[in-house]
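Trainee: Contents of start-v8.txt (compact mmCIF, C-alpha atoms) are given next:
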# COMPACT_ATOMS: atom_id res chain seq x y z
CA MET O 1 0.00 0.00 0.00
CA GLU O 2 1.26 3.44 -0.92
CA GLN O 3 0.01 6.85 0.12
CA GLY O 4 0.55 10.39 -1.08
CA ILE O 5 -0.78 13.83 -0.26
CA ARG O 6 -0.96 17.03 -2.27
CA ARG O 7 -0.77 20.33 -0.43
CA GLN O 8 -4.21 21.91 -0.22
CA SER O 9 -3.60 24.92 2.02
CA GLU O 10 -6.38 26.81 0.24
CA GLU O 11 -8.99 24.26 1.32
CA ASP O 12 -11.15 24.48 4.44
CA PRO O 13 -10.20 21.55 6.71
CA THR O 14 -13.66 21.64 8.31
CA ILE O 15 -15.28 20.50 5.03
CA PRO O 16 -16.06 16.76 5.24
CA ILE O 17 -13.60 14.79 3.13
CA ILE O 18 -14.86 12.34 0.50
CA TYR O 19 -13.05 9.00 0.19
CA VAL O 20 -13.49 7.96 -3.44
CA VAL O 21 -12.86 4.22 -3.90
CA THR O 22 -11.99 3.04 -7.42
CA PRO O 23 -11.18 -0.60 -8.17
CA THR O 24 -9.07 -1.12 -11.27
CA TYR O 25 -7.16 -3.79 -13.18
CA HIS O 26 -4.70 -3.79 -16.07
CA ARG O 27 -6.28 -3.69 -19.53
CA PRO O 28 -5.94 -1.51 -22.65
CA GLU O 29 -8.56 1.03 -21.45
CA MET O 30 -7.10 1.56 -17.97
CA ALA O 31 -4.92 4.59 -18.78
CA ALA O 32 -7.73 6.44 -20.56
CA GLU O 33 -10.31 5.75 -17.87
CA LEU O 34 -8.10 6.66 -14.91
CA THR O 35 -6.90 9.82 -16.64
CA ARG O 36 -10.48 10.95 -17.25
CA LEU O 37 -11.59 10.16 -13.71
CA GLY O 38 -8.46 11.49 -12.01
CA GLN O 39 -8.64 14.83 -13.77
CA THR O 40 -12.31 15.12 -12.83
CA LEU O 41 -11.39 14.57 -9.17
CA LEU O 42 -8.81 17.36 -9.40
CA LEU O 43 -11.74 19.76 -9.68
CA VAL O 44 -13.20 18.68 -6.34
CA PRO O 45 -11.95 20.01 -2.97
CA ARG O 46 -11.32 17.68 -0.03
CA VAL O 47 -11.15 14.39 -1.92
CA HIS O 48 -8.93 11.40 -1.07
CA TRP O 49 -8.68 8.86 -3.89
CA ILE O 50 -8.29 5.22 -2.90
CA LEU O 51 -7.16 3.35 -5.99
CA ALA O 52 -7.53 -0.36 -5.31
CA GLU O 53 -5.66 -2.53 -7.80
CA ASP O 54 -6.52 -6.15 -8.61
CA SER O 55 -2.92 -7.24 -8.22
CA LYS O 56 -0.60 -8.85 -5.67
CA THR O 57 1.50 -5.67 -5.54
CA CYS O 58 1.01 -1.99 -6.31
CA SER O 59 2.21 -1.51 -9.88
CA GLN O 60 4.81 1.16 -10.50
CA VAL O 61 2.93 2.65 -13.45
CA LEU O 62 -0.11 3.43 -11.27
CA SER O 63 2.02 4.72 -8.40
CA ASP O 64 3.80 7.10 -10.79
CA PHE O 65 0.47 8.18 -12.27
CA LEU O 66 -0.96 9.03 -8.84
CA GLU O 67 2.14 10.96 -7.80
CA LYS O 68 2.04 13.05 -10.97
CA LEU O 69 -1.69 13.66 -10.72
CA GLY O 70 -1.33 15.46 -7.39
CA LEU O 71 -4.43 14.25 -5.55
CA PRO O 72 -4.31 12.95 -1.98
CA PHE O 73 -4.30 9.21 -2.56
CA THR O 74 -3.92 5.73 -1.18
CA HIS O 75 -2.82 2.97 -3.56
CA ILE O 76 -3.85 -0.53 -2.47
CA ALA O 77 -3.16 -3.92 -4.03
CA SER O 78 -5.85 -6.49 -3.25
CA PRO O 79 -6.24 -9.34 -5.77
CA MET O 80 -9.43 -11.30 -6.23
CA PRO O 81 -9.12 -14.70 -4.50
CA ASP O 82 -8.42 -17.44 -7.04
CA ILE O 83 -11.55 -19.37 -6.06
CA TYR O 84 -13.74 -16.61 -7.50
CA ARG O 85 -11.76 -16.15 -10.72
CA LYS O 86 -13.01 -19.55 -11.87
CA LEU O 87 -16.69 -18.53 -11.73
CA SER O 88 -18.57 -17.76 -14.94
CA GLN O 89 -19.62 -14.45 -13.37
CA ALA O 90 -16.70 -13.37 -11.23
CA PRO O 91 -17.43 -10.77 -8.50
CA ARG O 92 -14.96 -8.28 -9.93
CA GLY O 93 -13.82 -5.47 -7.65
CA VAL O 94 -15.12 -6.91 -4.38
CA SER O 95 -11.71 -7.71 -2.91
CA ASN O 96 -10.54 -4.22 -3.86
CA ARG O 97 -13.53 -2.51 -2.27
CA ARG O 98 -13.28 -4.62 0.88
CA ALA O 99 -9.63 -3.60 1.29
CA ALA O 100 -10.61 0.05 0.81
CA LEU O 101 -13.41 -0.32 3.37
CA GLN O 102 -10.87 -1.52 5.92
CA TRP O 103 -8.56 1.39 5.13
CA VAL O 104 -11.40 3.87 5.64
CA ARG O 105 -12.35 2.22 8.93
CA ASP O 106 -8.74 2.51 10.10
CA HIS O 107 -7.83 5.95 8.77
CA GLY O 108 -10.95 7.84 7.70
CA ALA O 109 -12.29 10.95 9.42
CA ASP O 110 -15.58 10.42 11.25
CA ASN O 111 -17.30 13.22 9.36
CA GLY O 112 -15.99 11.90 6.03
CA VAL O 113 -18.00 10.18 3.32
CA LEU O 114 -17.26 6.92 1.50
CA TYR O 115 -18.13 6.73 -2.20
CA PHE O 116 -17.54 3.91 -4.70
CA LEU O 117 -16.76 5.34 -8.15
CA ASP O 118 -15.65 2.89 -10.82
CA ASP O 119 -13.12 3.89 -13.44
CA ASP O 120 -15.71 3.62 -16.22
CA ASN O 121 -18.09 6.09 -14.54
CA ALA O 122 -18.58 9.69 -15.63
CA ILE O 123 -19.66 12.15 -12.95
CA ASP O 124 -20.88 15.72 -12.58
CA ILE O 125 -18.74 17.31 -9.85
CA ARG O 126 -21.84 18.88 -8.28
CA LEU O 127 -22.73 15.44 -6.96
CA PHE O 128 -19.71 15.47 -4.64
CA GLU O 129 -20.99 18.59 -2.89
CA GLU O 130 -24.44 17.03 -2.51
CA MET O 131 -23.13 13.84 -0.90
CA ARG O 132 -20.75 15.62 1.47
CA ASP O 133 -23.36 16.06 4.24
CA THR O 134 -24.41 12.38 4.27
CA ARG O 135 -25.39 11.36 7.82
CA LYS O 136 -26.01 7.64 7.20
CA VAL O 137 -26.56 6.67 3.56
CA SER O 138 -27.50 8.97 0.67
CA MET O 139 -28.73 7.91 -2.79
CA TRP O 140 -29.45 9.28 -6.28
CA PRO O 141 -30.09 8.03 -9.84
CA VAL O 142 -27.36 6.53 -12.04
CA GLY O 143 -27.69 6.82 -15.81
CA LEU O 144 -27.09 4.26 -18.56
CA ILE O 145 -28.08 1.29 -16.39
CA GLY O 146 -29.94 -1.68 -17.87
CA LEU O 147 -33.03 -1.69 -20.06
CA TYR O 148 -34.42 1.48 -18.46
CA SER O 149 -31.16 3.41 -19.04
CA VAL O 150 -31.35 4.48 -15.38
CA SER O 151 -31.46 3.05 -11.87
CA SER O 152 -33.11 5.26 -9.25
CA PRO O 153 -34.83 5.30 -5.87
CA VAL O 154 -38.61 5.82 -6.02
CA LEU O 155 -39.93 8.55 -3.69
CA ASN O 156 -43.40 9.19 -2.30
CA ASP O 157 -44.96 12.65 -2.06
CA ASP O 158 -43.08 13.29 1.18
CA GLY O 159 -39.70 12.60 -0.44
CA VAL O 160 -39.23 9.27 1.35
CA VAL O 161 -37.78 6.30 -0.54
CA VAL O 162 -40.42 3.59 -0.96
CA GLY O 163 -38.76 1.41 -3.61
CA PHE O 164 -36.52 1.39 -6.68
CA TYR O 165 -36.87 1.87 -10.40
CA ASP O 166 -34.50 -0.66 -11.91
CA ALA O 167 -34.80 -3.13 -14.77
CA TRP O 168 -33.07 -5.94 -12.87
CA PRO O 169 -34.72 -6.49 -9.46
CA ALA O 170 -33.26 -10.01 -9.03
CA GLY O 171 -34.66 -10.32 -5.52
CA ARG O 172 -32.58 -7.40 -4.28
CA LYS O 173 -33.86 -5.20 -1.45
CA PHE O 174 -31.67 -2.30 -2.59
CA GLN O 175 -31.78 -2.17 -6.38
CA VAL O 176 -28.98 0.34 -6.86
CA ASP O 177 -25.77 0.73 -8.82
CA MET O 178 -22.40 1.00 -7.06
CA ALA O 179 -22.15 4.68 -8.04
CA GLY O 180 -25.62 5.44 -6.67
CA PHE O 181 -24.95 5.86 -2.96
CA ALA O 182 -22.55 7.24 -0.35
CA VAL O 183 -21.98 6.29 3.30
CA ASN O 184 -20.99 8.39 6.30
CA VAL O 185 -17.70 7.10 7.76
CA GLU O 186 -18.77 7.36 11.41
CA TYR O 187 -21.93 5.41 10.63
CA LEU O 188 -19.87 2.81 8.74
CA ARG O 189 -17.63 2.32 11.78
CA LYS O 190 -20.65 1.65 13.99
CA GLN O 191 -21.73 -1.20 11.70
CA ARG O 192 -18.94 -3.55 12.68
CA LYS O 193 -20.15 -6.41 10.48
CA ALA O 194 -20.71 -4.32 7.38
CA SER O 195 -19.01 -5.85 4.35
CA MET O 196 -19.49 -6.62 0.68
CA PRO O 197 -20.32 -10.16 -0.49
CA TYR O 198 -18.52 -12.06 -3.24
CA ILE O 199 -21.76 -12.47 -5.21
CA ALA O 200 -21.77 -11.02 -8.72
CA GLY O 201 -24.68 -8.62 -9.20
CA HIS O 202 -25.50 -8.50 -5.50
CA GLU O 203 -22.48 -6.60 -4.18
CA GLU O 204 -24.37 -3.33 -3.58
CA ASP O 205 -27.45 -5.00 -2.10
CA GLY O 206 -25.39 -7.16 0.26
CA PHE O 207 -23.31 -4.23 1.44
CA LEU O 208 -26.28 -1.93 2.03
CA LYS O 209 -28.17 -4.65 3.92
CA SER O 210 -25.10 -5.17 6.11
CA LEU O 211 -25.28 -1.46 7.02
CA ARG O 212 -28.69 -2.15 8.62
CA ILE O 213 -30.49 0.76 7.00
CA THR O 214 -34.18 1.01 6.20
CA LEU O 215 -35.76 2.78 3.23
CA PRO O 216 -36.82 5.82 5.33
CA ASP O 217 -33.18 6.19 6.47
CA ILE O 218 -32.05 7.01 2.92
CA GLU O 219 -31.14 10.65 2.27
CA VAL O 220 -32.10 11.53 -1.30
CA LYS O 221 -30.01 13.80 -3.52
CA ALA O 222 -30.01 15.05 -7.12
CA ASN O 223 -33.10 17.24 -6.77
CA ARG O 224 -35.25 14.56 -5.13
CA CYS O 225 -33.84 11.95 -7.51
CA THR O 226 -35.08 13.74 -10.63
CA GLU O 227 -31.65 14.42 -12.17
CA ILE O 228 -28.78 12.21 -13.33
CA LEU O 229 -25.37 13.38 -12.12
CA VAL O 230 -23.40 10.15 -12.60
CA TRP O 231 -23.37 7.62 -15.44
CA HIS O 232 -22.12 4.07 -15.90
CA THR O 233 -20.55 4.52 -19.31
CA ARG O 234 -18.93 1.09 -19.73
CA THR O 235 -16.04 1.87 -22.07
CA THR O 236 -15.85 -0.40 -25.11
CA LYS O 237 -13.28 -3.15 -24.58
CA ASN O 238 -10.27 -3.11 -26.86
CA PRO O 239 -8.25 -6.22 -27.74
CA LEU O 240 -4.79 -6.55 -26.24
CA ARG O 241 -2.89 -6.52 -29.50
CA THR O 242 0.55 -7.98 -29.94
CA LEU O 243 2.68 -5.73 -32.15
CA ASN O 244 5.93 -6.37 -33.96
CA LEU O 245 7.95 -3.16 -34.02
CA THR O 246 11.37 -4.46 -34.99
CA LYS O 247 11.62 -1.76 -37.68
CA HIS O 248 11.40 0.99 -35.05
CA LYS O 249 14.48 0.43 -32.89
CA SER O 250 15.82 3.96 -33.01
CA ASP O 251 12.87 6.32 -33.47
CA ASN O 252 10.13 7.73 -31.25
CA ILE O 253 7.92 4.67 -31.75
CA LYS O 254 10.31 2.72 -29.48
CA GLU O 255 9.60 5.09 -26.58
CA LEU O 256 5.90 5.24 -27.42
CA ALA O 257 5.62 1.45 -27.42
CA HIS O 258 7.51 1.26 -24.14
CA ASN O 259 4.97 3.56 -22.46
CA MET O 260 2.01 1.74 -24.02
CA LYS O 261 3.30 -1.59 -22.74
CA LYS O 262 3.69 -0.20 -19.20
CA TRP O 263 -0.01 0.69 -19.25
CA SER O 264 -1.00 -2.75 -20.63
CA VAL O 265 -2.29 -1.20 -23.86
CA ILE O 266 -0.27 -3.58 -26.06
CA ASN O 267 1.95 -6.62 -26.03
CA LEU O 268 5.14 -6.68 -28.05
CA ARG O 269 6.82 -9.39 -30.12
CA LEU O 270 10.43 -8.24 -29.96
CA SER O 271 13.91 -9.34 -29.02
CA PRO O 272 15.06 -8.48 -25.46
CA THR O 273 17.38 -5.82 -26.85
CA PHE O 274 14.48 -3.65 -28.01
CA PHE O 275 14.05 -1.86 -24.67
CA ARG O 276 17.71 -1.44 -23.78
CA ARG O 277 18.68 2.18 -23.23
Spit out the file's structure as structure tokens when you get a sec.
Mentor:
Amino acid sequence: MEQGIRRQSEEDPTIPIIYVVTPTYHRPEMAAELTRLGQTLLLVPRVHWILAEDSKTCSQVLSDFLEKLGLPFTHIASPMPDIYRKLSQAPRGVSNRRAALQWVRDHGADNGVLYFLDDDNAIDIRLFEEMRDTRKVSMWPVGLIGLYSVSSPVLNDDGVVVGFYDAWPAGRKFQVDMAGFAVNVEYLRKQRKASMPYIAGHEEDGFLKSLRITLPDIEVKANRCTEILVWHTRTTKNPLRTLNLTKHKSDNIKELAHNMKKWSVINLRLSPTFFRR
């Protein structure tokens, strides 16, 4: 685990800090998605980014990226247990989020807020200010989810959550997306058994049930859940191509390929002398 802090002397230390948890793993889209998300977070005051990597160790390329970005961060390596990798629907990201949960329990400020934001999400920065005053659990709609293109709490005339509008109920009590809720850190600490299950599709529901909240407990945001301020964009997957660049041993393509390989964008079919400097 690695940690880093940027100097934020201009920020008010009394503002509740938001702990943004992002699981990630090496694939061709990783650099693009983390760059987009990281530069969005730079616009938000009092944010601590917990980047949880599906790996046995913290990779140097991500550590360097976080240092250059300048956000307060914690870099965690927490691989998925092998037993779950064999499943047809692997519970991706659970091990990473569970490790981040433990870090927040151990190090987070009581008035802080925990928020799970995947690297393929796009978010309006106004949502961070809305979630900052979360007392227990707050919720809002998430766009581009399922057959309805949205997942949202359903409110009665008094603004109380009475159910969920989601195309995939699947027996879930809390039919929400991972990016659709935030949790107060002090409240999280009081729920000593709160955790996230290794059950694909039921990670959010299992975690929220373990927090022992009821529907009336939910604090609604995004203009009484009538606006979408975060989207699950699901970046198109790109093949991990293997390139043969033996004709580019002394030009800029050598350096370009070296950087692409570090980010897992490509594989290379080359002799060992290609990367000697």
Trainee: Taking into account only C-alpha atoms, which residue in the set O:Pro79, O:Pro216, O:Pro197, O:Pro45 is nearest to Arg126 (chain O)?
Mentor: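 Result for the nearest residue to Arg126 (chain O): O:Pro45.
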Trainee: Report, as AutoDock Vina command-line options, the axis-aligned box around all atoms of region 219-233 of chain O present in the file, extended by 3 Å on each side; give centre and edge lengths in Å to one decimal place.
Mentor:
--center_x -27.9 --center_y 10.7 --center_z -8.5 --size_x 20.7 --size_y 19.2 --size_z 27.6
Trainee: Name the closest residue to Lys68 (chain O) among the candidates O:Cys225, O:Met80, O:Ala167, O:Leu42; distances are taken between atoms, counting only C-alpha atoms.
Mentor: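 Smallest separation from Lys68 (chain O) among the options: O:Leu42.
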Trainee: With all atoms listed in the file as the basis for distance, which of O:Arg85, O:Phe207, O:Ser55, O:Ile18 is at the shortest distance from Pro72 (chain O)?
Mentor: O:Ile18
Trainee: Given all atoms listed in the file as the basis, pick out the residue of O:Val176, O:Val160, O:Val185, O:Ala200 nearest to Tyr84 (chain O).
Mentor: O:Ala200
Trainee: Could you name the residues that touch Gln102 (chain O) at 10 Å or less, counting only C-alpha atoms, but leaving out those on the same chain fewer than 5 positions away, as an mmCIF file with C-alpha atoms, in the coordinates of the input?
Mentor:
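Here's the written file selection_20.cif:
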data_model
loop_
_atom_site.group_PDB
_atom_site.id
_atom_site.type_symbol
_atom_site.label_atom_id
_atom_site.label_comp_id
_atom_site.auth_asym_id
_atom_site.auth_seq_id
_atom_site.Cartn_x
_atom_site.Cartn_y
_atom_site.Cartn_z
ATOM 1 C CA ARG O 97 -13.530 -2.510 -2.270
ATOM 2 C CA HIS O 107 -7.830 5.950 8.770
ATOM 3 C CA GLY O 108 -10.950 7.840 7.700
ATOM 4 C CA ARG O 189 -17.630 2.320 11.780
ATOM 5 C CA SER O 195 -19.010 -5.850 4.350
#
Trainee: If I take CA of His48 (chain O) and CA of Val94 (chain O), how far is one from the other in Å, to one decimal?
Mentor: 19.6 Å
